[in-house]
Each structure stands twice: as C-alpha cells, then as structure tokens.
$ cat coords-v1.csv   # CSV, C-alpha atoms
chain,number,residue,atom,x,y,z
A,142,MET,CA,0.0,0.0,0.0
A,143,LYS,CA,2.9,2.4,0.8
A,144,ALA,CA,4.2,2.1,-2.8
A,145,PHE,CA,0.8,2.5,-4.3
A,146,ALA,CA,0.1,5.6,-2.1
A,147,ARG,CA,3.4,7.1,-3.3
A,148,LEU,CA,2.4,6.4,-6.9
A,149,VAL,CA,-0.9,8.1,-6.4
A,150,GLN,CA,0.8,11.1,-4.8
A,151,ILE,CA,3.2,11.5,-7.8
A,152,LEU,CA,0.4,11.0,-10.4
A,153,GLY,CA,-1.8,13.5,-8.6
A,154,SER,CA,0.9,16.2,-8.4
A,155,SER,CA,2.6,15.8,-11.8
A,156,THR,CA,1.4,17.7,-14.9
A,157,LYS,CA,3.8,16.0,-17.3
A,158,THR,CA,2.9,12.9,-19.2
A,159,ASN,CA,6.5,11.6,-19.2
A,160,GLU,CA,6.8,11.9,-15.4
A,161,ARG,CA,3.5,10.0,-15.0
A,162,LEU,CA,4.7,7.4,-17.4
A,163,GLN,CA,8.0,7.0,-15.6
A,164,ALA,CA,6.2,6.7,-12.2
A,165,LEU,CA,3.9,4.0,-13.5
A,166,SER,CA,6.8,2.1,-15.2
A,167,GLY,CA,8.7,2.2,-12.0
A,168,TYR,CA,5.8,0.9,-10.0
A,169,PHE,CA,5.0,-1.9,-12.4
A,170,SER,CA,8.6,-3.0,-12.5
A,171,THR,CA,8.8,-3.5,-8.7
A,172,ALA,CA,5.2,-4.3,-7.5
A,173,ALA,CA,3.9,-7.7,-6.8
A,174,ASP,CA,1.9,-9.2,-9.7
A,175,LYS,CA,-1.4,-9.2,-7.7
A,176,ASP,CA,-0.9,-5.5,-6.9
A,177,LYS,CA,-0.3,-4.8,-10.6
A,178,VAL,CA,-3.6,-6.4,-11.5
A,179,TRP,CA,-5.5,-4.3,-9.0
A,180,VAL,CA,-3.8,-1.1,-10.3
A,181,ILE,CA,-4.8,-2.0,-13.8
A,182,ALA,CA,-8.3,-2.6,-12.6
A,183,LEU,CA,-8.5,0.7,-10.6
A,184,PHE,CA,-7.1,2.8,-13.4
A,185,SER,CA,-9.5,1.2,-15.9
A,186,GLY,CA,-12.5,2.3,-13.8
A,187,ARG,CA,-13.1,-0.8,-11.9
A,188,ARG,CA,-13.9,-0.4,-8.2
A,189,PRO,CA,-14.0,-2.8,-5.2
A,190,ARG,CA,-17.4,-3.4,-3.7
A,191,ARG,CA,-18.2,-0.7,-1.2
A,192,ALA,CA,-17.9,-2.2,2.3
A,193,VAL,CA,-18.5,0.9,4.5
A,194,ASN,CA,-20.6,4.0,3.9
A,195,SER,CA,-19.3,7.6,4.5
A,196,THR,CA,-21.4,8.1,7.7
A,197,ARG,CA,-19.7,5.2,9.5
A,198,LEU,CA,-16.2,6.4,8.4
A,199,TRP,CA,-17.1,9.8,9.8
A,200,GLU,CA,-18.3,8.3,13.1
A,201,TRP,CA,-15.3,6.0,13.6
A,202,CYS,CA,-12.9,8.8,12.8
A,203,GLY,CA,-14.7,11.0,15.4
A,204,GLU,CA,-14.3,8.2,18.0
A,205,LEU,CA,-10.6,8.1,17.4
A,206,THR,CA,-10.0,11.8,17.5
A,207,SER,CA,-12.7,12.8,20.1
A,208,LEU,CA,-13.5,15.8,17.9
A,209,PRO,CA,-17.0,17.3,18.4
A,210,ALA,CA,-19.2,16.6,15.4
A,211,TRP,CA,-19.5,20.3,14.6
A,212,LEU,CA,-15.7,20.7,14.5
A,213,PHE,CA,-15.3,17.7,12.2
A,214,ALA,CA,-18.0,19.1,10.0
A,215,GLU,CA,-16.2,22.4,9.8
A,216,CYS,CA,-13.0,20.6,8.9
A,217,TYR,CA,-14.8,18.6,6.2
A,218,HIS,CA,-16.4,21.8,4.8
A,219,SER,CA,-13.0,23.5,4.6
A,220,VAL,CA,-11.2,20.6,3.0
A,221,GLY,CA,-14.0,19.5,0.7
A,222,ASP,CA,-13.1,15.8,0.6
A,223,LEU,CA,-14.0,13.2,3.3
A,224,ALA,CA,-10.9,10.9,2.8
A,225,GLU,CA,-8.5,13.9,2.9
A,226,THR,CA,-10.2,15.3,6.0
A,227,ILE,CA,-10.0,11.9,7.8
A,228,SER,CA,-6.3,11.5,6.9
A,229,LEU,CA,-5.6,15.0,8.2
A,230,VAL,CA,-7.4,14.8,11.5
A,231,LEU,CA,-6.5,11.2,12.6
A,232,PRO,CA,-3.7,11.1,15.2
A,233,GLU,CA,-0.3,9.9,14.0
A,234,LYS,CA,-0.5,7.0,16.4
A,235,ILE,CA,-3.7,5.0,16.8
A,236,ASN,CA,-4.3,2.4,19.5
A,237,THR,CA,-7.3,0.2,18.7
A,238,ALA,CA,-9.1,-1.2,21.7
A,239,GLU,CA,-10.0,-4.5,20.0
A,240,SER,CA,-7.6,-7.2,19.1
A,241,PRO,CA,-6.3,-7.1,15.5
A,242,ASP,CA,-8.6,-8.7,12.9
A,243,SER,CA,-7.6,-12.3,12.3
A,244,SER,CA,-7.5,-11.7,8.6
A,245,THR,CA,-4.5,-9.3,9.1
A,246,GLN,CA,-2.4,-12.3,10.0
A,247,THR,CA,-2.8,-14.0,6.7
A,248,ILE,CA,-0.4,-11.7,4.8
A,249,ALA,CA,2.8,-10.5,6.3
A,250,ALA,CA,3.7,-6.8,6.3
A,251,ASP,CA,6.9,-5.6,4.8
A,252,SER,CA,9.8,-4.0,6.8
A,253,THR,CA,7.9,-0.7,6.9
A,254,GLY,CA,4.8,-2.4,8.4
A,255,SER,CA,2.8,-1.9,5.2
A,256,ARG,CA,0.8,-4.7,3.7
A,257,PRO,CA,0.3,-5.1,-0.1
A,258,LEU,CA,-2.5,-3.2,-2.0
A,259,HIS,CA,-4.3,-6.4,-3.0
A,260,TYR,CA,-4.7,-7.4,0.7
A,261,TYR,CA,-6.7,-4.3,1.6
A,262,LEU,CA,-8.9,-4.4,-1.6
A,263,GLU,CA,-9.6,-8.1,-1.4
A,264,THR,CA,-10.4,-7.9,2.3
A,265,LEU,CA,-12.7,-5.0,1.7
A,266,THR,CA,-14.5,-7.1,-0.9
A,267,ARG,CA,-14.7,-10.1,1.4
A,268,ILE,CA,-16.0,-8.3,4.5
A,269,ALA,CA,-18.7,-6.2,2.7
A,270,GLY,CA,-21.3,-8.6,3.9
A,271,GLU,CA,-19.9,-9.1,7.4
A,272,SER,CA,-21.1,-7.5,10.6
A,273,GLU,CA,-20.4,-3.8,11.3
A,274,ALA,CA,-18.0,-4.8,14.1
A,275,VAL,CA,-15.8,-6.8,11.7
A,276,ARG,CA,-15.8,-4.0,9.2
A,277,LYS,CA,-15.0,-1.4,11.8
A,278,GLN,CA,-12.1,-3.3,13.3
A,279,PHE,CA,-10.6,-3.8,9.9
A,280,ILE,CA,-10.8,-0.1,9.0
A,281,LEU,CA,-9.4,1.0,12.4
A,282,SER,CA,-6.6,-1.5,12.4
A,283,SER,CA,-5.7,-0.5,8.8
A,284,TRP,CA,-5.7,3.2,9.7
A,285,ALA,CA,-3.4,2.4,12.7
A,286,SER,CA,-0.8,0.7,10.5
A,287,MET,CA,-0.7,3.5,7.9
A,288,ASP,CA,0.9,6.9,7.4
A,289,GLN,CA,-1.2,10.0,6.3
A,290,THR,CA,-0.8,9.4,2.6
A,291,GLU,CA,-1.7,5.7,2.9
A,292,ARG,CA,-4.8,6.6,5.0
A,293,PHE,CA,-5.9,9.1,2.4
A,294,VAL,CA,-5.6,6.7,-0.5
A,295,PHE,CA,-7.1,3.8,1.5
A,296,THR,CA,-10.1,5.8,2.5
A,297,LYS,CA,-10.7,7.1,-1.0
A,298,LEU,CA,-10.8,3.5,-2.2
A,299,ILE,CA,-13.4,2.7,0.5
A,300,THR,CA,-15.7,5.7,-0.4
A,301,GLY,CA,-15.6,4.7,-4.1
A,302,ASN,CA,-14.6,8.2,-5.1
A,303,PHE,CA,-11.1,7.1,-6.3
A,304,ARG,CA,-10.1,9.3,-9.2
A,305,ILE,CA,-6.6,9.7,-10.5
A,306,GLY,CA,-5.3,12.1,-13.1
A,307,VAL,CA,-3.8,9.6,-15.5
A,308,SER,CA,-5.1,8.4,-18.8
A,309,GLN,CA,-5.5,4.7,-19.5
A,310,ALA,CA,-3.3,5.2,-22.5
A,311,THR,CA,-0.4,6.2,-20.2
A,312,MET,CA,-1.0,3.1,-18.1
A,313,VAL,CA,-1.0,1.0,-21.3
A,314,ASN,CA,2.2,2.5,-22.5
A,315,ALA,CA,3.9,1.7,-19.1
A,316,LEU,CA,2.7,-1.9,-19.4
A,317,ALA,CA,4.0,-2.0,-22.9
A,318,LYS,CA,7.5,-1.0,-21.7
A,319,LEU,CA,7.4,-3.6,-19.0
A,320,THR,CA,6.1,-6.5,-21.1
A,321,GLY,CA,7.4,-5.7,-24.6
A,322,LEU,CA,3.9,-6.2,-26.0
A,323,ASP,CA,2.3,-3.6,-28.4
A,324,SER,CA,0.2,-1.0,-26.6
A,325,ALA,CA,-2.8,-1.8,-28.8
A,326,VAL,CA,-2.6,-5.5,-27.8
A,327,ILE,CA,-2.4,-4.6,-24.1
A,328,ALA,CA,-5.4,-2.2,-24.4
A,329,HIS,CA,-7.4,-5.1,-25.9
A,330,ARG,CA,-6.3,-7.6,-23.3
A,331,ILE,CA,-7.4,-5.5,-20.3
A,332,SER,CA,-10.8,-4.8,-21.8
A,333,GLY,CA,-14.0,-6.7,-21.1
A,334,ASN,CA,-15.1,-8.8,-18.1
A,335,TRP,CA,-12.4,-9.9,-15.6
A,336,ASP,CA,-12.1,-10.0,-11.9
A,337,PRO,CA,-8.9,-8.6,-10.3
A,338,SER,CA,-9.5,-10.9,-7.3
A,339,THR,CA,-9.2,-14.0,-9.4
A,340,THR,CA,-7.2,-13.0,-12.4
A,341,SER,CA,-3.4,-13.2,-12.4
A,342,PHE,CA,-1.1,-10.7,-14.1
A,343,ASN,CA,0.1,-13.3,-16.6
A,344,GLU,CA,-3.5,-14.5,-17.4
A,345,LEU,CA,-4.6,-10.9,-18.0
A,346,LEU,CA,-2.0,-10.2,-20.6
A,347,SER,CA,-1.8,-13.6,-22.2
A,348,GLU,CA,-3.1,-14.6,-25.6
A,349,GLN,CA,-4.9,-17.5,-24.0
A,350,ALA,CA,-6.9,-15.2,-21.8
A,351,LYS,CA,-7.9,-13.1,-24.7
A,352,ASN,CA,-9.1,-16.1,-26.6
A,353,ALA,CA,-11.0,-17.5,-23.6
A,354,ASP,CA,-13.3,-14.5,-23.4
A,355,TYR,CA,-15.4,-14.5,-26.6
A,356,SER,CA,-17.2,-11.3,-25.5
A,357,LYS,CA,-14.0,-9.2,-25.1
A,358,PRO,CA,-14.4,-5.8,-26.9
A,359,TYR,CA,-11.6,-3.6,-28.3
A,360,PRO,CA,-10.6,-0.2,-26.7
A,361,TYR,CA,-12.5,2.7,-28.2
A,362,TYR,CA,-10.8,5.2,-30.4
A,363,LEU,CA,-12.2,8.5,-29.3
A,364,ALA,CA,-12.3,12.1,-30.5
A,365,TYR,CA,-9.9,14.5,-28.8
A,366,ALA,CA,-9.4,18.3,-28.7
A,367,LEU,CA,-7.1,19.8,-31.3
A,368,GLN,CA,-3.9,21.0,-29.5
A,369,ASP,CA,-2.6,23.2,-32.3
A,370,GLU,CA,-4.1,25.9,-34.4
A,371,PRO,CA,-6.8,24.9,-37.0
A,372,GLY,CA,-4.3,25.7,-39.7
A,373,SER,CA,-2.3,22.7,-38.7
A,374,LEU,CA,-5.0,20.5,-40.3
A,375,GLY,CA,-4.4,22.0,-43.8
A,376,HIS,CA,-6.7,24.0,-45.9
A,377,PRO,CA,-10.4,23.8,-45.0
A,378,SER,CA,-11.1,22.5,-48.6
A,379,GLU,CA,-9.3,19.4,-47.5
A,380,TRP,CA,-11.3,18.9,-44.3
A,381,LEU,CA,-13.9,16.2,-43.9
A,382,ALA,CA,-16.8,16.9,-41.5
A,383,GLU,CA,-19.1,14.3,-40.0
A,384,TRP,CA,-22.2,14.4,-38.0
A,385,LYS,CA,-21.8,14.0,-34.3
A,386,TRP,CA,-24.5,11.3,-33.6
A,387,ASP,CA,-26.3,11.7,-30.3
A,388,GLY,CA,-26.5,8.1,-29.1
A,389,ILE,CA,-24.4,5.6,-27.2
A,390,ARG,CA,-21.0,4.5,-28.6
A,391,GLY,CA,-21.0,0.7,-28.8
A,392,GLN,CA,-19.4,-2.4,-30.3
A,393,LEU,CA,-21.3,-5.3,-31.8
A,394,ILE,CA,-19.4,-8.6,-31.5
A,395,ARG,CA,-20.2,-11.9,-33.1
A,396,ARG,CA,-18.0,-14.7,-31.8
A,397,ASN,CA,-18.7,-18.4,-30.9
A,398,ASN,CA,-22.0,-18.0,-32.7
A,399,GLU,CA,-23.1,-15.4,-30.0
A,400,LEU,CA,-23.8,-11.7,-30.2
A,401,PHE,CA,-22.4,-9.3,-27.6
A,402,VAL,CA,-23.2,-5.6,-27.3
A,403,TRP,CA,-20.8,-3.3,-25.4
A,404,SER,CA,-21.0,0.3,-24.4
A,405,ARG,CA,-18.1,2.7,-24.4
A,406,GLY,CA,-18.0,2.4,-20.6
A,407,GLU,CA,-17.2,-1.3,-21.0
A,408,GLU,CA,-20.7,-2.3,-19.8
A,409,LEU,CA,-22.1,-5.4,-21.5
A,410,ILE,CA,-25.6,-4.3,-22.6
A,411,THR,CA,-26.7,-7.1,-24.9
A,412,ASP,CA,-30.0,-7.6,-23.0
A,413,LYS,CA,-31.0,-4.0,-23.3
A,414,PHE,CA,-31.2,-4.2,-27.1
A,415,PRO,CA,-33.0,-7.4,-28.0
A,416,GLU,CA,-33.7,-6.1,-31.5
A,417,TYR,CA,-30.0,-6.6,-32.3
A,418,ARG,CA,-30.5,-10.4,-32.1
A,419,LYS,CA,-31.4,-10.2,-35.8
A,420,ILE,CA,-27.9,-9.0,-36.6
A,421,LEU,CA,-26.5,-12.4,-35.4
A,422,ALA,CA,-27.7,-13.9,-38.7
A,423,LEU,CA,-26.2,-11.0,-40.7
A,424,LEU,CA,-22.7,-10.8,-39.3
A,425,PRO,CA,-20.1,-13.4,-40.2
A,426,GLU,CA,-18.4,-15.3,-37.4
A,427,GLY,CA,-15.5,-13.5,-35.8
A,428,CYS,CA,-16.6,-10.0,-36.6
A,429,VAL,CA,-16.6,-6.8,-34.5
A,430,LEU,CA,-18.3,-3.5,-35.5
A,431,ASP,CA,-17.6,-0.2,-33.9
A,432,GLY,CA,-20.4,2.4,-34.1
A,433,GLU,CA,-23.3,4.3,-32.5
A,434,ILE,CA,-26.4,2.9,-30.9
A,435,LEU,CA,-29.1,5.4,-32.0
A,436,PRO,CA,-32.8,5.8,-31.5
A,437,TYR,CA,-34.1,5.6,-35.1
A,438,ASP,CA,-37.6,5.5,-36.6
A,439,GLY,CA,-36.5,4.1,-39.9
A,440,GLU,CA,-36.0,7.4,-41.6
A,441,MET,CA,-34.1,9.6,-39.2
A,442,PRO,CA,-32.5,9.6,-35.7
A,443,LEU,CA,-34.8,10.4,-32.8
A,444,PRO,CA,-33.9,12.7,-29.9
A,445,PHE,CA,-31.5,11.2,-27.4
A,446,ALA,CA,-34.3,11.5,-24.8
A,447,ALA,CA,-36.0,8.6,-26.5
A,448,LEU,CA,-33.0,6.4,-25.9
A,449,GLN,CA,-32.9,7.5,-22.3
A,450,THR,CA,-36.2,5.8,-21.6
A,451,ARG,CA,-34.4,2.5,-22.1
A,452,ILE,CA,-31.1,3.2,-20.4
A,453,GLY,CA,-30.9,1.8,-16.9
A,454,ARG,CA,-33.9,-0.4,-17.2
A,455,LYS,CA,-33.4,-4.0,-16.4
A,456,ASN,CA,-36.3,-5.3,-18.5
A,457,ILE,CA,-37.4,-3.7,-21.7
A,458,THR,CA,-41.1,-3.7,-22.5
A,459,ARG,CA,-42.7,-4.1,-25.9
A,460,LYS,CA,-44.1,-0.5,-25.5
A,461,GLN,CA,-40.5,0.8,-25.1
A,462,LEU,CA,-39.3,-1.2,-28.1
A,463,LEU,CA,-42.0,0.5,-30.2
A,464,GLU,CA,-41.6,4.0,-28.8
A,465,ALA,CA,-37.8,4.0,-28.9
A,466,PRO,CA,-36.6,1.7,-31.7
A,467,VAL,CA,-32.8,1.6,-32.2
A,468,ALA,CA,-30.5,1.2,-35.1
A,469,PHE,CA,-26.7,0.7,-35.2
A,470,PHE,CA,-24.7,3.2,-37.3
A,471,ALA,CA,-21.4,1.4,-38.0
A,472,TYR,CA,-18.2,3.4,-38.2
A,473,ASP,CA,-15.6,0.7,-38.6
A,474,ILE,CA,-14.8,-3.0,-38.7
A,475,LEU,CA,-12.3,-3.9,-36.0
A,476,GLU,CA,-12.2,-7.7,-36.4
A,477,TYR,CA,-13.0,-9.8,-39.4
A,478,ASP,CA,-12.8,-13.6,-39.7
A,479,GLY,CA,-11.5,-13.7,-36.1
A,480,GLN,CA,-8.5,-11.5,-36.9
A,481,ASP,CA,-7.7,-8.0,-35.4
A,482,ILE,CA,-7.6,-5.7,-38.5
A,483,ARG,CA,-7.3,-2.4,-36.7
$ encode --input "coords-v1.csv" --output "structure tokens"
Amino acid sequence: MKAFARLVQILGSSTKTNERLQALSGYFSTAADKDKVWVIALFSGRRPRRAVNSTRLWEWCGELTSLPAWLFAECYHSVGDLAETISLVLPEKINTAESPDSSTQTIAADSTGSRPLHYYLETLTRIAGESEAVRKQFILSSWASMDQTERFVFTKLITGNFRIGVSQATMVNALAKLTGLDSAVIAHRISGNWDPSTTSFNELLSEQAKNADYSKPYPYYLAYALQDEPGSLGHPSEWLAEWKWDGIRGQLIRRNNELFVWSRGEELITDKFPEYRKILALLPEGCVLDGEILPYDGEMPLPFAALQTRIGRKNITRKQLLEAPVAFFAYDILEYDGQDIR
C-alpha cells in the first residue's frame, strides 16, 4: 500500500505525461503481480465493492479523534473531501481497543509495516457482507498501520470516489514498456469482463486469456481536442466533417455464434437491445463492428431522450421497443474472420 500511495501522490501532483509514465513504469517493474492487476483494474475504472458508507467512516474517525461533530463538519467543509479530512485529523499513532482482525495475520507486512495493496482491496470485498463490528475493526486497524498518505488513498478506495489524473493510454504505455507487447494489444487484453481478485497478471496479458473470453471488446478510439491551431489541419477545402450522432458509442461482437453488445464504458448491454439479435444472422463469425447505438424511426434519428427511456432499465417492455426503436450506425470493422484488423 505504501508504494501505491506514493504512486498516487506522484500522479496527482505531476502535470507532465513523461513523469507519470516514468512513475507508472517504476511501479509496475517492482510491484507484486497481484498488486499490478489491481492497479490496472483501478485505473481502468473498476472499483471494489463498497464495504462501509461515509457516515460510518465519519463516526469512527470521530471516536478516534474525540473531535466534536460540529468541528469535524467544519474541517470537512474547509477541506471538501472526506478521505482527505480523515487523513488530516487522525492522530499519528492510533491504538485500537480491540484485538487485531484475524485476517490481518494471513499476509505479512513488509519491513515498513505496510501490507500489499491487494490485501486491503480483497479484504474490503470479502467483509462487505460481514457485521459492522468486523468492518469497523478492519478499518481502524488499517488506519493504525498507515501513514497519512496511505490513509488518504485507502479511505478514497473505500468511499468509491477514487479518481486519478492519469489516462488509460499512459498506463497501457507503461505496461508495454514492461512486457514488450504492443500497446494496442495490451489495451485489448485489459478490456472486457475480468475480476482482479481471481485474475493473475500473466493471465490478464496472455493470448490464452484473450481467446477464452469471446465477449471481449476492443478499446475505443475517441475524438480529442485539437492541441494546435486549426491551420495545422491543412486548408479547409481538404477537411472532412461528419455528424456527431447523439447516441451511445458501442461495439457489436459476433464470436462463438453469440452476439455481444458493449457500451463505451465497458458495460455489457446485450440484453438492453433485444432487436439486435437479428444481426447475429447477418454478421459473419469472428466480426466486431464499432459504431453508434441510435434511437431511429426508420427514416431519421430520434432525440436522445427517446433512448434515455431505455437506459438503466433491467427489463425492456414491448411498448418501449415500439416507442424508442434503435439502429446501429457502424463506423468501422475492428475484427474480421477472427482477426484483429485495426
């Protein structure tokens, strides 16, 4: 955890891509494989199951500090972030009344007293359904073993508000330096459904792992802001403008005689669009299309609000299918005959 907290500190304070790349490369070259997998998961937007709500963290911190509730509230208001407030007000030395949680004995600490990142994240996942006493003792004993930076990062992970100013592309490039694999290959391997608790580093980046998951999408190529003057693009007569379709970016995948639909946020949304089942008979085996999921009445796109009536619903009714029909506007073919043709 100490090494990860230091990494987060560097990434959060640096404004230069090369410095972030160097920090990530250094971390991946020395971290344990299980910690590497969790860092890839966290920086890809995956979060551990939330084990404790913010109110309990507030209460338990108050018990350790003996601060009046109004004073803690004032500190929180001034700082603006619960995890940072807790890390600032907790005393340097914490003595927990209860005996250490038995789970803390399963993985030894290093010479600094810090346990690995995966230990904390996997324990948080495991105790999410345990009694409040078990969860409280784990949080308090963890705080007691950490310095201020570690407490801040650890508490951010608990609250689910973990955000770090580093692009996935930078992380992928750091992994490319470590493994020697092409960055596009790595970006594809870390996409899709995988559990950091049960997936090893070698499995995640292996060809075998990629082939085992028939649903695995490709990373999305997204638009980005122009950094230079418009003149750097050449004369306007040479420009090509396209409509910005107001739908959901998605991928249609046919593999193993199955159809998978992915959103840009790497959410598998096949069941939300049952009308796409017809496409299974139209696409050849081993084919991936990149495009836009649009509400469409057969002649023109409908307002995005029509699609919103279907987003987030677990079950789609016949009425919704009729009122908000969808089409798929394909931009590109990413895979054909089972081969990556990007």
$ residues_near_point --input "coords-v1.csv" --point "(-30.4, 4.4, -30.6)" --cutoff "6 Å" --atoms "only C-alpha atoms" --output "ChimeraX atom specification"
/A:388,434-437,448,467-468
$ residues_around --input "coords-v1.csv" --residues "Lys277 in chain A" --least-positions-apart "4" --cutoff "10 Å" --atoms "all atoms listed in the file" --output "list in words"
Ala192, Val193, Arg197, Leu198, Trp201, Asp242, Ser272, Glu273, Leu281, Ser282 and Ser283 of chain A
$ closest_residue --input "coords-v1.csv" --among "A:Ala465, A:Ala173, A:Leu165, A:Leu262" --to "Ala310 in chain A" --atoms "only C-alpha atoms"
A:Leu165
$ closest_residue --input "coords-v1.csv" --among "A:Glu291, A:Glu440, A:Asp176, A:Glu383" --to "Val149 in chain A" --atoms "all atoms listed in the file"
A:Glu291
$ atom_distance --input "coords-v1.csv" --atom1 "CA of Ala325 in chain A" --atom2 "CA of Leu258 in chain A"
26.8 Å
$ closest_residue --input "coords-v1.csv" --among "A:Asn397, A:Asn314, A:Ser404, A:Thr300" --to "Tyr355 in chain A" --atoms "all atoms listed in the file"
A:Asn397
